[in-house]
Amino acid sequence: MRRILVAIDGSDCALRALDFAVQQARCAPKAELHVLNIQLPANAYTAWEIYVTAERIQQIATERARAILEAAAARLKKADCSYKLEQLEGDPATTIAGRAAELACESITMGTRGSGPLGILVMGSVAQKVIYHATLPVTLVK
C-alpha cells in the first residue's frame, strides 16, 4: 500500500497540508496517511528546568501532541481515509525525514509557516531542512 507521511504542528497551514494529503491519498491506488507530530526534547540545560521538572515538560509535550493529533483524527474520520497517528520527540526536520524513510513512505506532505525571508534567515525553516534531509519527494502546502 502507498504511504504518505504528513507532518503536522497544529497550525492552520498544517491542517491545509493534511487536507491536501487526503486528496492525494484518495487517488488510485489509495494510500495510507501516517500523521506525525514532533515535539522538541526536554533539554537538561534549559532555563525551564529551574521551575519545572523534566517529567512535567514531557507531560506538557505529550498533552500538546495529543491535542494536535486528536484534531487531525477528527478531520480524517470524515475523510474516509486510512491513517495512523504518531508522536515523536526530536529535531523536527531530521525526525520527519528519518521517519518517512523508515516507513518507506512515497512522499512527505507538510505545511509552511510563512515565516518570511528574515524569519527563515534567523531561525531557519523546518520545511527547508526537511527538503535537505529527505530522500523522497516533499510537498509543501502554504
# chains A, B, ... in the order shown; residues from 1 in each chain; ligands from 1

$ residues_around --residues "region 82-86 of chain A" --least-positions-apart "6" --cutoff "8 Å" --atoms "only C-alpha atoms" --output "list in words"
Ala31, Glu32, Leu33, His34, Val35, Leu36, Asn37, Leu69, Ala73 and Leu76 of chain A

$ write_last_selection --atoms "N, CA and C atoms" --output "PDB file, in the first residue's frame"
ATOM      1  N   ALA A  31      -3.865   5.452  -0.667  1.00  0.00           N
ATOM      2  CA  ALA A  31      -2.685   5.481   0.212  1.00  0.00           C
ATOM      3  C   ALA A  31      -3.122   5.601   1.664  1.00  0.00           C
ATOM      4  N   GLU A  32      -2.250   5.162   2.544  1.00  0.00           N
ATOM      5  CA  GLU A  32      -2.440   5.353   3.982  1.00  0.00           C
ATOM      6  C   GLU A  32      -1.664   6.600   4.379  1.00  0.00           C
ATOM      7  N   LEU A  33      -2.280   7.417   5.221  1.00  0.00           N
ATOM      8  CA  LEU A  33      -1.597   8.596   5.741  1.00  0.00           C
ATOM      9  C   LEU A  33      -0.980   8.268   7.086  1.00  0.00           C
ATOM     10  N   HIS A  34       0.273   8.619   7.231  1.00  0.00           N
ATOM     11  CA  HIS A  34       0.955   8.471   8.516  1.00  0.00           C
ATOM     12  C   HIS A  34       1.131   9.891   9.042  1.00  0.00           C
ATOM     13  N   VAL A  35       0.296  10.276  10.014  1.00  0.00           N
ATOM     14  CA  VAL A  35       0.264  11.641  10.535  1.00  0.00           C
ATOM     15  C   VAL A  35       1.196  11.729  11.735  1.00  0.00           C
ATOM     16  N   LEU A  36       2.171  12.610  11.637  1.00  0.00           N
ATOM     17  CA  LEU A  36       3.259  12.669  12.607  1.00  0.00           C
ATOM     18  C   LEU A  36       3.361  14.049  13.234  1.00  0.00           C
ATOM     19  N   ASN A  37       3.434  14.084  14.558  1.00  0.00           N
ATOM     20  CA  ASN A  37       3.697  15.317  15.284  1.00  0.00           C
ATOM     21  C   ASN A  37       5.010  15.143  16.029  1.00  0.00           C
ATOM     22  N   LEU A  69      -2.907  15.785  17.433  1.00  0.00           N
ATOM     23  CA  LEU A  69      -3.247  14.541  16.723  1.00  0.00           C
ATOM     24  C   LEU A  69      -4.737  14.235  16.803  1.00  0.00           C
ATOM     25  N   ALA A  73      -7.208  13.592  13.728  1.00  0.00           N
ATOM     26  CA  ALA A  73      -8.044  12.382  13.651  1.00  0.00           C
ATOM     27  C   ALA A  73      -9.501  12.747  13.394  1.00  0.00           C
ATOM     28  N   LEU A  76      -9.797  13.488   9.827  1.00  0.00           N
ATOM     29  CA  LEU A  76      -9.604  12.317   8.975  1.00  0.00           C
ATOM     30  C   LEU A  76     -10.769  11.333   9.044  1.00  0.00           C
TER      31      LEU A  76
END

$ select_by_dssp --residues "region 78-115 of chain A" --states "helix (DSSP H, G or I)" --output "ChimeraX atom specification"
/A:92-102

$ residues_around --residues "Gln39 (chain A)" --least-positions-apart "3" --cutoff "7 Å" --atoms "only C-alpha atoms" --output "PyMOL selection string"
chain A and resi 61+88-90

$ residues_around --residues "Leu15 (chain A)" --least-positions-apart "4" --cutoff "10 Å" --atoms "only C-alpha atoms" --output "PyMOL selection string"
chain A and resi 6-11+19-21+68+71-72+75+110-111+141

$ residues_around --residues "Ala28 (chain A)" --least-positions-apart "5" --cutoff "12 Å" --atoms "only C-alpha atoms" --output "list in words"
Met1, Arg2 and Gln23 of chain A

$ write_last_selection --atoms "C-alpha atoms" --output "JSON list (two decimals), in the first residue's frame"
[["chain", "number", "residue", "atom", "x", "y", "z"],
["A", 1, "MET", "CA", 0.00, 0.00, 0.00],
["A", 2, "ARG", "CA", 1.14, 3.53, -0.73],
["A", 23, "GLN", "CA", -6.91, 14.28, -1.65]]
